[in-house]
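Student: Sharing input-v9.txt below, compact mmCIF, C-alpha atoms:
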# COMPACT_ATOMS: atom_id res chain seq x y z
CA MET K 1 -7.36 -24.29 -1.70
CA LYS K 2 -5.64 -26.09 1.15
CA ARG K 3 -5.91 -25.50 4.87
CA ILE K 4 -2.64 -25.58 6.82
CA LEU K 5 -2.29 -25.64 10.62
CA PHE K 6 0.71 -24.66 12.70
CA SER K 7 0.42 -25.60 16.35
CA PRO K 8 2.70 -25.70 19.36
CA VAL K 9 1.94 -28.74 21.51
CA GLY K 10 1.36 -28.20 25.20
CA SER K 11 0.75 -30.06 28.44
CA THR K 12 -3.06 -29.88 28.15
CA ASP K 13 -2.77 -31.72 24.83
CA PRO K 14 -3.98 -34.12 23.66
CA ILE K 15 -6.83 -34.57 26.16
CA ALA K 16 -7.48 -33.02 29.56
CA HIS K 17 -10.53 -32.88 31.82
CA GLN K 18 -12.26 -35.44 29.57
CA ARG K 19 -12.22 -32.97 26.68
CA ASP K 20 -10.07 -32.33 23.62
CA GLY K 21 -7.02 -30.23 24.20
CA ALA K 22 -6.73 -27.28 21.83
CA LEU K 23 -4.72 -29.24 19.24
CA LEU K 24 -7.23 -32.07 18.86
CA HIS K 25 -10.17 -29.69 19.00
CA ILE K 26 -8.88 -27.53 16.14
CA ILE K 27 -8.13 -30.56 13.98
CA ARG K 28 -11.55 -32.03 14.78
CA LYS K 29 -13.33 -28.87 13.65
CA TYR K 30 -11.17 -27.44 10.84
CA ARG K 31 -9.76 -30.71 9.40
CA PRO K 32 -6.64 -29.18 7.86
CA ASP K 33 -4.93 -30.79 4.87
CA LYS K 34 -1.64 -30.63 6.74
CA ALA K 35 -0.63 -29.87 10.32
CA TYR K 36 2.80 -28.82 11.56
CA LEU K 37 3.20 -29.69 15.26
CA PHE K 38 5.95 -28.08 17.35
CA PHE K 39 7.39 -30.03 20.30
CA SER K 40 9.77 -28.78 22.98
CA LYS K 41 12.10 -31.24 24.73
CA GLU K 42 9.71 -31.73 27.67
CA ILE K 43 6.58 -32.24 25.57
CA TYR K 44 8.29 -34.64 23.19
CA GLY K 45 9.46 -36.58 26.25
CA TYR K 46 5.81 -37.35 27.05
CA GLU K 47 5.36 -38.74 23.54
CA GLN K 48 8.40 -40.96 24.00
CA LYS K 49 7.01 -42.13 27.34
CA ASP K 50 3.49 -43.17 26.35
CA ASN K 51 2.81 -42.15 22.69
CA ARG K 52 -0.06 -39.96 23.87
CA TYR K 53 0.04 -37.52 20.95
CA SER K 54 0.49 -40.01 18.12
CA TYR K 55 -2.13 -42.34 19.61
CA CYS K 56 -4.83 -39.72 20.09
CA LEU K 57 -4.13 -38.06 16.75
CA ASN K 58 -4.46 -41.39 14.95
CA LYS K 59 -7.69 -42.18 16.78
CA LEU K 60 -9.11 -38.77 15.89
CA LEU K 61 -8.24 -39.16 12.21
CA GLN K 62 -9.95 -42.55 12.19
CA GLU K 63 -13.05 -41.08 13.84
CA ILE K 64 -13.43 -38.13 11.49
CA GLY K 65 -12.41 -40.15 8.43
CA GLU K 66 -9.71 -37.76 7.30
CA ASP K 67 -6.23 -38.46 5.97
CA ILE K 68 -4.38 -35.45 7.35
CA GLU K 69 -0.66 -35.13 6.75
CA ILE K 70 1.11 -34.38 10.01
CA GLU K 71 4.68 -33.13 10.27
CA TRP K 72 6.38 -33.10 13.65
CA ILE K 73 8.84 -30.30 14.41
CA ILE K 74 10.88 -31.59 17.35
CA LYS K 75 13.21 -29.18 19.17
CA GLU K 76 14.93 -31.26 21.85
CA ASP K 77 17.28 -28.37 22.54
CA LEU K 78 14.34 -26.17 23.56
CA VAL K 79 14.25 -26.38 27.34
CA ASP K 80 13.47 -22.83 28.49
CA VAL K 81 9.93 -22.62 27.10
CA GLN K 82 9.23 -19.62 29.31
CA LEU K 83 11.67 -17.38 27.38
CA PHE K 84 9.73 -15.30 24.87
CA ASP K 85 12.44 -13.93 22.54
CA PRO K 86 14.01 -17.19 21.31
CA ILE K 87 10.58 -18.76 20.85
CA LEU K 88 9.35 -15.75 18.89
CA LEU K 89 12.34 -15.99 16.53
CA GLU K 90 11.89 -19.75 16.18
CA PHE K 91 8.19 -19.45 15.35
CA LYS K 92 8.80 -16.47 13.06
CA GLU K 93 11.15 -18.51 10.91
CA ILE K 94 8.70 -21.42 10.75
CA ILE K 95 5.70 -19.28 9.82
CA GLU K 96 7.70 -17.29 7.24
CA ASP K 97 8.81 -20.57 5.64
CA LEU K 98 5.20 -21.78 5.59
CA CYS K 99 4.06 -18.55 3.94
CA LYS K 100 6.67 -19.05 1.21
CA CYS K 101 5.79 -22.66 0.42
CA ILE K 102 1.98 -22.53 0.46
CA GLU K 103 -0.21 -21.04 -2.27
CA ASP K 104 -1.69 -17.55 -2.06
CA ASP K 105 -5.23 -18.86 -1.64
CA ASP K 106 -4.29 -21.45 0.98
CA GLU K 107 -5.62 -20.87 4.49
CA LEU K 108 -3.06 -20.75 7.29
CA LEU K 109 -4.38 -21.45 10.78
CA VAL K 110 -2.32 -21.11 13.96
CA ASN K 111 -3.18 -22.50 17.36
CA VAL K 112 -2.88 -19.80 20.03
CA SER K 113 -4.15 -21.98 22.90
CA SER K 114 -1.47 -24.68 23.17
CA GLY K 115 2.04 -24.54 24.57
CA SER K 116 3.68 -22.34 27.17
CA PRO K 117 2.48 -18.76 27.74
CA ALA K 118 5.49 -17.54 25.75
CA MET K 119 4.50 -19.79 22.84
CA LYS K 120 0.90 -18.63 22.86
CA SER K 121 1.96 -14.99 22.92
CA ALA K 122 4.49 -15.50 20.15
CA VAL K 123 1.96 -17.16 17.85
CA GLN K 124 -0.63 -14.44 18.50
CA ILE K 125 1.87 -11.66 17.78
CA LEU K 126 3.11 -13.31 14.60
CA ALA K 127 -0.47 -13.69 13.40
CA ALA K 128 -0.87 -9.96 13.95
CA PHE K 129 2.27 -8.97 12.08
CA THR K 130 2.57 -11.49 9.25
CA GLU K 131 1.90 -9.87 5.88
CA ARG K 132 -0.23 -12.66 4.43
CA PRO K 133 -3.54 -13.58 6.16
CA VAL K 134 -3.02 -15.81 9.19
CA ILE K 135 -5.99 -17.03 11.22
CA PRO K 136 -5.32 -17.39 14.96
CA VAL K 137 -7.64 -20.00 16.48
CA GLN K 138 -8.36 -19.97 20.19
CA VAL K 139 -9.98 -22.87 22.03
CA ASP K 140 -11.86 -22.11 25.21
CA SER K 141 -11.24 -24.39 28.17
CA PRO K 142 -14.17 -26.69 28.94
CA ASN K 143 -15.23 -24.64 31.97
CA LYS K 144 -14.69 -21.29 30.13
CA ALA K 145 -12.04 -20.40 32.69
CA VAL K 146 -8.30 -20.67 33.12
CA ASN K 147 -7.07 -24.21 32.51
CA THR K 148 -6.13 -26.12 35.65
CA HIS K 149 -3.44 -28.56 34.60
CA GLU K 150 -3.74 -32.23 35.30
CA ASP K 151 -0.64 -34.04 36.47
CA VAL K 152 0.77 -34.85 33.04
CA LYS K 153 4.10 -35.79 34.61
CA GLY K 154 2.58 -38.82 36.29
CA GLU K 155 0.82 -41.75 34.72
CA TYR K 156 -1.15 -40.89 31.57
CA SER K 157 -3.06 -43.53 29.66
CA PRO K 158 -3.86 -42.35 26.11
CA GLU K 159 -6.28 -45.23 25.69
CA ILE K 160 -8.31 -44.35 28.79
CA GLN K 161 -8.18 -40.61 28.05
CA TRP K 162 -9.53 -41.29 24.57
CA GLU K 163 -12.34 -43.51 25.82
CA LEU K 164 -13.41 -40.94 28.41
CA ASN K 165 -13.20 -37.97 26.00
CA LEU K 166 -16.67 -36.37 25.91
CA ASP K 167 -15.87 -34.58 22.65
CA ASN K 168 -15.98 -37.95 20.86
CA SER K 169 -19.76 -38.04 21.28
CA ASP K 170 -22.10 -35.97 19.13
CA GLU K 171 -24.36 -35.54 22.15
CA THR K 172 -21.69 -34.13 24.45
CA TYR K 173 -19.45 -32.40 21.88
CA GLU K 174 -19.28 -28.63 22.21
CA ASP K 175 -17.47 -26.46 19.68
CA ARG K 176 -15.07 -24.35 21.73
CA CYS K 177 -13.07 -22.95 18.79
CA ARG K 178 -13.20 -19.30 17.92
CA ILE K 179 -11.12 -16.99 15.82
CA SER K 180 -8.98 -15.00 18.19
CA SER K 181 -9.82 -11.32 18.03
CA LYS K 182 -6.88 -9.62 16.43
CA THR K 183 -5.80 -6.51 14.65
CA ASN K 184 -3.10 -7.17 12.10
CA LEU K 185 -0.66 -4.62 13.43
CA ASN K 186 1.58 -4.98 10.40
CA ILE K 187 -1.30 -3.93 8.17
CA VAL K 188 -2.19 -1.03 10.46
CA ILE K 189 1.41 0.19 10.25
CA ARG K 190 1.61 -0.37 6.49
CA LYS K 191 -1.65 1.49 5.88
CA SER K 192 -0.34 4.38 7.95
CA ILE K 193 2.81 4.46 5.80
CA ILE K 194 0.72 4.32 2.62
CA ARG K 195 -1.38 7.20 3.88
CA LYS K 196 1.71 9.32 4.57
CA HIS K 197 3.00 8.66 1.05
CA ILE K 198 -0.38 9.56 -0.44
CA GLU K 199 -0.56 12.80 1.53
CA VAL K 200 2.71 13.93 -0.10
CA TYR K 201 1.66 12.63 -3.55
CA ASP K 202 4.29 9.90 -3.60
CA TYR K 203 2.09 7.32 -5.32
CA ARG K 204 5.00 5.18 -6.48
CA ALA K 205 6.20 4.65 -2.91
CA ALA K 206 2.62 4.09 -1.71
CA LEU K 207 2.13 1.45 -4.41
CA ASP K 208 5.33 -0.38 -3.42
CA VAL K 209 4.05 -0.67 0.16
CA ALA K 210 0.48 -1.50 -0.86
CA ASN K 211 1.50 -4.31 -3.21
CA ASN K 212 3.19 -6.12 -0.31
CA VAL K 213 -0.11 -6.28 1.62
CA LYS K 214 -2.63 -6.12 -1.22
CA ASN K 215 -4.73 -8.94 0.30
CA TYR K 216 -5.69 -6.52 3.06
CA ILE K 217 -6.36 -3.45 0.90
CA ASP K 218 -9.41 -2.55 -1.15
CA GLU K 219 -8.59 -3.27 -4.80
CA ASN K 220 -10.11 0.10 -5.73
CA ALA K 221 -7.52 1.80 -3.51
CA ILE K 222 -4.74 -0.05 -5.35
CA SER K 223 -6.23 0.99 -8.71
CA LEU K 224 -6.41 4.64 -7.67
CA ILE K 225 -2.86 4.65 -6.34
CA GLU K 226 -1.76 3.25 -9.70
CA ALA K 227 -3.86 5.92 -11.42
CA GLY K 228 -2.17 8.65 -9.35
CA SER K 229 1.27 7.29 -10.20
CA ALA K 230 0.44 7.26 -13.92
CA ARG K 231 -1.14 10.72 -13.69
CA LEU K 232 2.04 12.29 -12.33
CA LYS K 233 3.87 10.92 -15.37
CA LEU K 234 1.20 12.37 -17.70
CA ASP K 235 0.45 8.77 -18.72
CA LYS K 236 -3.17 9.42 -19.61
CA SER K 237 -3.99 5.96 -20.94
CA ASN K 238 -2.88 4.03 -17.84
CA CYS K 239 -4.28 6.66 -15.53
CA GLU K 240 -7.74 6.49 -17.09
CA LYS K 241 -7.67 2.68 -17.22
CA ASN K 242 -6.96 2.37 -13.48
CA ALA K 243 -9.36 5.14 -12.51
CA LYS K 244 -12.10 3.49 -14.56
CA ALA K 245 -11.43 0.18 -12.78
CA ALA K 246 -12.23 1.98 -9.52
CA ASN K 247 -15.22 3.77 -11.10
CA TYR K 248 -13.58 7.13 -10.43
CA ASP K 249 -13.70 10.18 -12.75
CA ILE K 250 -10.14 11.40 -12.32
CA TYR K 251 -9.73 14.20 -14.88
CA PRO K 252 -11.74 17.43 -14.41
CA ILE K 253 -10.44 18.71 -17.78
CA LYS K 254 -10.41 16.23 -20.63
CA GLN K 255 -9.89 18.26 -23.82
CA GLY K 256 -6.54 17.44 -25.48
CA ASP K 257 -4.52 20.68 -25.43
CA HIS K 258 -6.28 21.95 -22.34
CA TRP K 259 -5.73 18.62 -20.58
CA ASN K 260 -1.98 18.84 -21.20
CA VAL K 261 -1.70 22.34 -19.77
CA PHE K 262 -3.93 21.71 -16.77
CA GLU K 263 -2.25 18.45 -15.78
CA TYR K 264 1.20 20.01 -16.13
CA LEU K 265 0.10 22.90 -13.91
CA MET K 266 -1.16 20.43 -11.32
CA ILE K 267 2.23 18.73 -11.27
CA MET K 268 3.80 22.15 -10.71
CA ARG K 269 1.38 22.76 -7.86
CA ILE K 270 2.47 19.49 -6.24
CA LYS K 271 6.07 20.63 -6.49
CA LEU K 272 5.02 23.71 -4.51
CA GLU K 273 3.25 21.57 -1.90
CA LYS K 274 6.42 19.52 -1.50
CA GLU K 275 8.57 22.67 -1.39
CA GLU K 276 10.56 21.50 -4.41
CA TYR K 277 11.14 25.07 -5.50
CA ALA K 278 14.08 24.45 -7.83
CA ASP K 279 12.08 21.85 -9.76
CA PHE K 280 9.09 24.19 -9.78
CA ILE K 281 11.11 27.04 -11.25
CA ARG K 282 12.77 24.75 -13.81
CA SER K 283 9.36 23.52 -14.94
CA ILE K 284 8.11 26.99 -15.94
CA SER K 285 9.49 27.15 -19.48
CA PRO K 286 7.56 24.33 -21.23
CA VAL K 287 4.13 25.38 -19.97
CA PHE K 288 4.86 29.10 -20.34
CA GLN K 289 5.78 28.68 -23.99
CA ARG K 290 2.69 26.56 -24.63
CA LEU K 291 0.46 29.16 -22.97
CA LEU K 292 1.93 31.97 -25.08
CA GLU K 293 1.18 29.95 -28.19
CA MET K 294 -2.40 29.30 -27.01
CA ILE K 295 -2.97 32.97 -26.11
CA ILE K 296 -1.87 34.12 -29.56
CA LYS K 297 -4.19 31.59 -31.19
CA GLN K 298 -7.05 32.38 -28.81
CA THR K 299 -6.86 36.16 -29.35
CA LYS K 300 -6.15 35.79 -33.09
CA ILE K 301 -3.81 38.78 -33.08
CA VAL K 302 -1.96 37.14 -35.98
CA ASP K 303 -2.01 33.94 -37.99
CA LEU K 304 0.61 32.11 -35.94
CA ASP K 305 1.10 29.46 -38.63
CA SER K 306 2.52 32.14 -40.91
CA LEU K 307 5.30 32.84 -38.42
CA ILE K 308 5.86 29.52 -36.64
CA ARG K 309 6.15 26.09 -38.28
CA PHE K 310 4.68 23.33 -36.08
CA ASP K 311 5.75 19.71 -36.45
CA LYS K 312 2.97 17.62 -34.89
CA LYS K 313 5.00 14.43 -35.07
CA SER K 314 7.94 15.72 -33.03
CA GLY K 315 6.04 18.43 -31.19
CA SER K 316 8.66 21.01 -32.14
CA ALA K 317 8.05 24.59 -33.23
CA THR K 318 10.40 26.52 -35.54
CA VAL K 319 10.50 30.23 -36.31
CA ILE K 320 10.05 30.38 -40.09
CA GLU K 321 12.11 33.53 -40.53
CA THR K 322 15.21 32.21 -38.72
CA ASN K 323 14.60 28.45 -38.97
CA LYS K 324 15.48 28.16 -35.26
CA TYR K 325 13.51 26.46 -32.53
CA ALA K 326 10.88 28.81 -31.14
CA LYS K 327 11.32 29.97 -27.55
CA SER K 328 9.15 32.02 -25.24
CA PHE K 329 11.14 35.10 -26.33
CA ASP K 330 9.92 34.59 -29.91
CA TYR K 331 6.28 34.40 -28.82
CA ILE K 332 6.62 37.51 -26.65
CA LYS K 333 8.09 39.38 -29.65
CA ILE K 334 5.04 38.34 -31.69
CA ILE K 335 2.76 39.64 -28.91
CA ASP K 336 4.70 42.92 -28.82
CA ASP K 337 4.53 43.28 -32.61
CA TYR K 338 0.93 42.25 -33.18
CA GLY K 339 -0.86 42.32 -29.85
CA LYS K 340 -1.42 46.03 -29.28
CA GLY K 341 -4.93 46.32 -27.93
CA GLY K 342 -5.63 42.65 -28.65
CA ILE K 343 -4.43 41.24 -25.32
CA ASP K 344 -5.51 42.30 -21.85
CA LEU K 345 -2.93 44.60 -20.23
CA ASN K 346 -2.85 42.63 -16.97
CA ILE K 347 -2.17 39.45 -18.92
CA LYS K 348 0.64 41.18 -20.77
CA ASN K 349 2.17 42.30 -17.50
CA SER K 350 2.01 38.73 -16.19
CA ILE K 351 3.67 37.50 -19.37
CA TYR K 352 6.53 39.99 -18.99
CA LYS K 353 6.94 39.15 -15.32
CA ILE K 354 7.10 35.42 -15.93
CA ARG K 355 9.60 36.06 -18.71
CA ASP K 356 11.75 38.00 -16.22
CA ILE K 357 11.55 35.08 -13.78
CA GLU K 358 12.41 32.66 -16.56
CA GLU K 359 15.51 34.67 -17.48
CA SER K 360 16.74 35.19 -13.94
CA VAL K 361 15.63 32.64 -11.35
CA ARG K 362 14.81 29.85 -13.80
CA ASN K 363 18.15 30.06 -15.61
CA LYS K 364 19.97 30.15 -12.29
CA ALA K 365 18.14 27.02 -11.13
CA ALA K 366 18.68 25.26 -14.47
CA HIS K 367 22.37 25.94 -14.97
CA ASN K 368 23.85 26.14 -11.47
CA ILE K 369 24.17 23.96 -8.40
CA THR K 370 22.37 26.22 -6.00
CA CYS K 371 19.76 26.37 -3.27
CA ILE K 372 16.37 27.74 -4.33
CA THR K 373 13.95 28.60 -1.55
CA ALA K 374 10.63 30.42 -1.39
CA GLU K 375 12.46 33.27 0.33
CA SER K 376 15.18 33.53 -2.34
CA ILE K 377 12.54 33.60 -5.09
CA TYR K 378 10.65 36.37 -3.32
CA ASN K 379 13.81 38.37 -2.62
CA SER K 380 14.72 38.20 -6.29
CA GLU K 381 11.32 38.79 -7.91
CA LYS K 382 9.04 40.13 -5.15
CA LYS K 383 6.74 37.24 -6.00
CA THR K 384 6.14 34.11 -3.99
CA PRO K 385 6.19 30.72 -5.74
CA MET K 386 2.40 30.59 -5.31
CA ASP K 387 2.10 34.05 -6.92
CA ILE K 388 3.96 32.68 -9.95
CA PHE K 389 1.73 29.63 -10.07
CA LYS K 390 -1.40 31.80 -9.93
CA MET K 391 -0.09 33.96 -12.80
CA LEU K 392 0.38 30.83 -14.90
CA CYS K 393 -3.16 29.75 -14.05
CA ASP K 394 -4.46 33.19 -15.09
CA LEU K 395 -2.65 32.83 -18.41
CA ALA K 396 -4.21 29.39 -18.86
CA LYS K 397 -7.71 30.73 -18.18
CA TYR K 398 -7.12 33.58 -20.61
CA ALA K 399 -6.00 31.03 -23.19
CA GLY K 400 -9.35 29.26 -22.82
CA VAL K 401 -8.57 26.54 -20.27
CA LYS K 402 -11.60 26.48 -17.97
CA ILE K 403 -9.92 26.04 -14.57
CA THR K 404 -12.03 26.44 -11.46
CA ASP K 405 -10.89 26.66 -7.84
CA ASN K 406 -12.48 23.24 -7.38
CA ASP K 407 -10.37 21.83 -10.22
CA LEU K 408 -7.21 22.94 -8.44
CA LYS K 409 -8.09 20.51 -5.62
CA THR K 410 -8.23 17.52 -7.98
CA TYR K 411 -5.22 15.70 -6.50
CA ASP K 412 -6.40 16.36 -2.96
CA LYS K 413 -9.78 14.83 -3.84
CA LEU K 414 -8.02 11.79 -5.29
CA ASN K 415 -5.99 11.45 -2.10
CA GLU K 416 -9.10 11.74 0.07
CA LYS K 417 -10.76 8.98 -1.93
CA ILE K 418 -7.76 6.65 -1.63
CA ILE K 419 -7.43 7.28 2.10
CA SER K 420 -11.15 6.63 2.62
CA LEU K 421 -10.72 3.25 0.87
CA LEU K 422 -7.82 2.36 3.16
Let me see the file written as structure tokens.
Tutor:
Amino acid sequence: MKRILFSPVGSTDPIAHQRDGALLHIIRKYRPDKAYLFFSKEIYGYEQKDNRYSYCLNKLLQEIGEDIEIEWIIKEDLVDVQLFDPILLEFKEIIEDLCKCIEDDDELLVNVSSGSPAMKSAVQILAAFTERPVIPVQVDSPNKAVNTHEDVKGEYSPEIQWELNLDNSDETYEDRCRISSKTNLNIVIRKSIIRKHIEVYDYRAALDVANNVKNYIDENAISLIEAGSARLKLDKSNCEKNAKAANYDIYPIKQGDHWNVFEYLMIMRIKLEKEEYADFIRSISPVFQRLLEMIIKQTKIVDLDSLIRFDKKSGSATVIETNKYAKSFDYIKIIDDYGKGGIDLNIKNSIYKIRDIEESVRNKAAHNITCITAESIYNSEKKTPMDIFKMLCDLAKYAGVKITDNDLKTYDKLNEKIISLL
């Protein structure tokens, strides 16, 4: 790991009031592997006049016994050091370039106590908004008050300043460095965006944002966002792997067939939460057909294998009599033919109602470019989308899937956990 320093150079550098200026003081304490020093036209003019910066830096490196690489960034066209905007853009480009060329585990320090007020503000703001960790170092003035500038425009003897510098003595040295209190505003904003994505179950978008600032985010939160993304795709293996990494029990129902049905229903519920009614309606057929199959097997009204041929490899089901793919209509005919007295009447009514919805609203949504709203569904079927979802859940429970009201909150619990980790 290397330690890198970026520092503007100001008029209280290198030495003022018989003490280190901020630049020298930071190098004395933190001893970076490399320092990038930024000079405006005026400040570089002082170096050309009396070599104050190069002289004192060389003396300091000799004293502390360090071979620090120093790169000077000289901007002789920078005259208006009081103007914030151009300095902010200049420093932004420099710091972004540094972030690209240093390693992930390198430590990037920035001096927020040297330079003009505009420079100090720019460095502090960039430390707050830069995506990778940036450590803003502040150096208190020797008297713990506002610096009173010496007349740096007059005569300045680097040799005398160095000899009189009290920080060169162990007895009179006082560490005045401190990490500037900061909130990384970029991270605050990013976390807020992640939270909004999580609240609407958009784990893929949340993960894209989180990966850009993962150094600031609990690794368990990242794992659970990845688990949520995999869960929505019914990718059980990756979901369980990531949830396990965060020590989180993600699936309330784990049994194979029951897991499939429950997780599919939860995805349908999310479509309701997001008001994606067309997608919700279109998603009815696969789970409805599976539930009819499970109900027939659960109630044992007939040996289903004698009527339907199941191919486990492809997952297809074929009506033996016609050799055509089985549809919900075929299962309902079996229930009508064999289920008299063997299936609860309320369940039968729900089956017929869902079949009506499948034939009317679902087919309209599947085969036409049209607007599907909660109101249009109700006007057509006198059932709200949530009514339809509850009927499907009732069918699942009747088929043996043990769904509790608490289980229906499983995604909300996952979201609460992720948000708490943020």
Student: Taking 6 positions as the minimum chain separation for residues in the same chain, which residues sit within 6 Å of range 213-221 of chain K when counting all atoms listed in the file? Answer as a list in words.
Tutor: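 So the residues in contact are Glu131, Ala246, Ile418 and Leu421 of chain K.
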Student: Please build the interface table for range 232-349 of chain K against range 411-417 of chain K with a cut-off of 9 Å, listing for each qualifying residue the nearest atom pair and the distance in Å to one decimal; count all atoms listed in the file, order rows by chain and increasing number, and write it as JSON lines.
Tutor:
{"residue": "K:Tyr248", "atom": "CA", "partner": "K:Leu414", "partner_atom": "CA", "distance": 8.9}
{"residue": "K:Ile250", "atom": "CA", "partner": "K:Leu414", "partner_atom": "CA", "distance": 7.4}
{"residue": "K:Met266", "atom": "CA", "partner": "K:Tyr411", "partner_atom": "CA", "distance": 7.9}
{"residue": "K:Ile270", "atom": "CA", "partner": "K:Tyr411", "partner_atom": "CA", "distance": 8.6}
Student: From the list K:Glu155, K:Ile64, K:Glu275, K:Tyr46, which residue is nearest Glu375 in chain K when using only C-alpha atoms?
Tutor: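 Counting only C-alpha atoms, the residue closest to Glu375 in chain K is K:Glu275.
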Student: I want to know what sits within 10 Å of Tyr331 in chain K, based on all atoms listed in the file, with residues of the same chain fewer than 2 positions away left out; could you give that as a PyMOL selection string?
Tutor: chain K and resi 289-293+295-296+304+307-308+319+326-329+333-337
Student: Find the residue from K:Thr172, K:Ala278, K:Ala230, K:Met386 that sits nearest to Ile369 in chain K; use all atoms listed in the file when measuring.
Tutor: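 Checking each of K:Thr172, K:Ala278, K:Ala230, K:Met386 against Ile369 in chain K, counting all atoms listed in the file, the winner is K:Ala278.
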Student: Which residue gives the smallest distance to Leu126 in chain K among K:Arg231, K:Lys191, K:Lys92, K:Lys29, with all atoms listed in the file counted?
Tutor: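 Of K:Arg231, K:Lys191, K:Lys92, K:Lys29, the one nearest Leu126 in chain K, counting all atoms listed in the file, is K:Lys92.
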Student: Which residues of range 367-393 of chain K have any atom within 9 Å of an atom in range 351-363 of chain K when counting all atoms listed in the file, and what is the closest pair of atoms for each, with the distance in Å to one decimal? Order the rows by chain and rising number and write it as a Markdown table.
Tutor:
| residue | atom | partner | partner_atom | distance |
| --- | --- | --- | --- | --- |
| K:His367 | CA | K:Asn363 | CA | 5.9 |
| K:Asn368 | CA | K:Asn363 | CA | 8.1 |
| K:Ile372 | CA | K:Val361 | CA | 8.6 |
| K:Ile377 | CA | K:Val361 | CA | 7.0 |
| K:Ser380 | CA | K:Val361 | CA | 7.6 |
| K:Glu381 | CA | K:Ile357 | CA | 6.9 |
| K:Ile388 | CA | K:Ile354 | CA | 7.3 |
| K:Met391 | CA | K:Ile354 | CA | 8.0 |
| K:Leu392 | CA | K:Ile354 | CA | 8.2 |
Student: Which residues, written as a PDB file with C-alpha atoms, in the coordinates of the input, have at least one atom at most 12 Å from Asp85 in chain K, with all atoms listed in the file counted and residues fewer than 6 positions away on the same chain left out?
Tutor:
ATOM      1  CA  PHE K  91       8.190 -19.450  15.350  1.00  0.00           C
ATOM      2  CA  LYS K  92       8.800 -16.470  13.060  1.00  0.00           C
ATOM      3  CA  ALA K 118       5.490 -17.540  25.750  1.00  0.00           C
ATOM      4  CA  MET K 119       4.500 -19.790  22.840  1.00  0.00           C
ATOM      5  CA  SER K 121       1.960 -14.990  22.920  1.00  0.00           C
ATOM      6  CA  ALA K 122       4.490 -15.500  20.150  1.00  0.00           C
ATOM      7  CA  VAL K 123       1.960 -17.160  17.850  1.00  0.00           C
ATOM      8  CA  ILE K 125       1.870 -11.660  17.780  1.00  0.00           C
TER       9      ILE K 125
END
Student: Excluding Arg176 in chain K and its own-chain neighbours fewer than 2 positions away, which residues fall within 7 Å of it when counting only C-alpha atoms? Please give them as JSON, numbers by chain.
Tutor: {"K": [139, 140, 174, 178]}
Student: For Leu37 in chain K, which residue among K:Asp80, K:Glu69, K:Asp208, K:Asp303 is the nearest when counting all atoms listed in the file?
Tutor: K:Glu69
Student: Would you kindly identify which residues have an atom no farther than 9 Å from (-1.2, -28.1, 10.7), using only C-alpha atoms and the file's own coordinates, and write them out as a CSV table (one decimal) with C-alpha atoms, in the frame of the given file?
Tutor:
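Generated file (part_2.csv):
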chain,number,residue,atom,x,y,z
K,3,ARG,CA,-5.9,-25.5,4.9
K,4,ILE,CA,-2.6,-25.6,6.8
K,5,LEU,CA,-2.3,-25.6,10.6
K,6,PHE,CA,0.7,-24.7,12.7
K,7,SER,CA,0.4,-25.6,16.4
K,27,ILE,CA,-8.1,-30.6,14.0
K,32,PRO,CA,-6.6,-29.2,7.9
K,33,ASP,CA,-4.9,-30.8,4.9
K,34,LYS,CA,-1.6,-30.6,6.7
K,35,ALA,CA,-0.6,-29.9,10.3
K,36,TYR,CA,2.8,-28.8,11.6
K,37,LEU,CA,3.2,-29.7,15.3
K,68,ILE,CA,-4.4,-35.4,7.4
K,69,GLU,CA,-0.7,-35.1,6.8
K,70,ILE,CA,1.1,-34.4,10.0
K,71,GLU,CA,4.7,-33.1,10.3
K,108,LEU,CA,-3.1,-20.8,7.3
K,109,LEU,CA,-4.4,-21.4,10.8
K,110,VAL,CA,-2.3,-21.1,14.0
K,111,ASN,CA,-3.2,-22.5,17.4
Student: Determine, counting all atoms listed in the file, which protein, DNA and RNA residues have an atom within 8 Å of an atom of Met1 in chain K; residues of the same chain fewer than 6 positions away are not included. Present the result as a list in words.
Tutor: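 Here the qualifying residues turn out to be Glu103, Asp105, Asp106 and Glu107 of chain K.
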Student: Between CA of Asp77 in chain K and CA of Ser40 in chain K, measure the distance and give it in Å to one decimal.
Tutor: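 One can read the CA of Asp77 in chain K to CA of Ser40 in chain K distance as 7.5 Å.
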Student: Looking at K:Arg31, K:Lys271, K:Gln124, K:Glu240, which one is nearest to Glu66 in chain K, with distances taken over only C-alpha atoms?
Tutor: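 Of K:Arg31, K:Lys271, K:Gln124, K:Glu240, the one nearest Glu66 in chain K, counting only C-alpha atoms, is K:Arg31.
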Student: Closest to Glu63 in chain K among K:Glu47, K:Asp167, K:Gln138, K:Ile347, using only C-alpha atoms?
Tutor: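 Checking each candidate against Glu63 in chain K, we get K:Asp167 as the closest.
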Student: Just how far from CA of Thr12 in chain K is CA of Val137 in chain K, in Å to one decimal?
Tutor: 16.0 Å
Student: Just the number, please: distance in Å from CA of Cys371 in chain K to CA of Lys274 in chain K, one decimal.
Tutor: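 We find that CA of Cys371 in chain K and CA of Lys274 in chain K lie 15.1 Å from each other.
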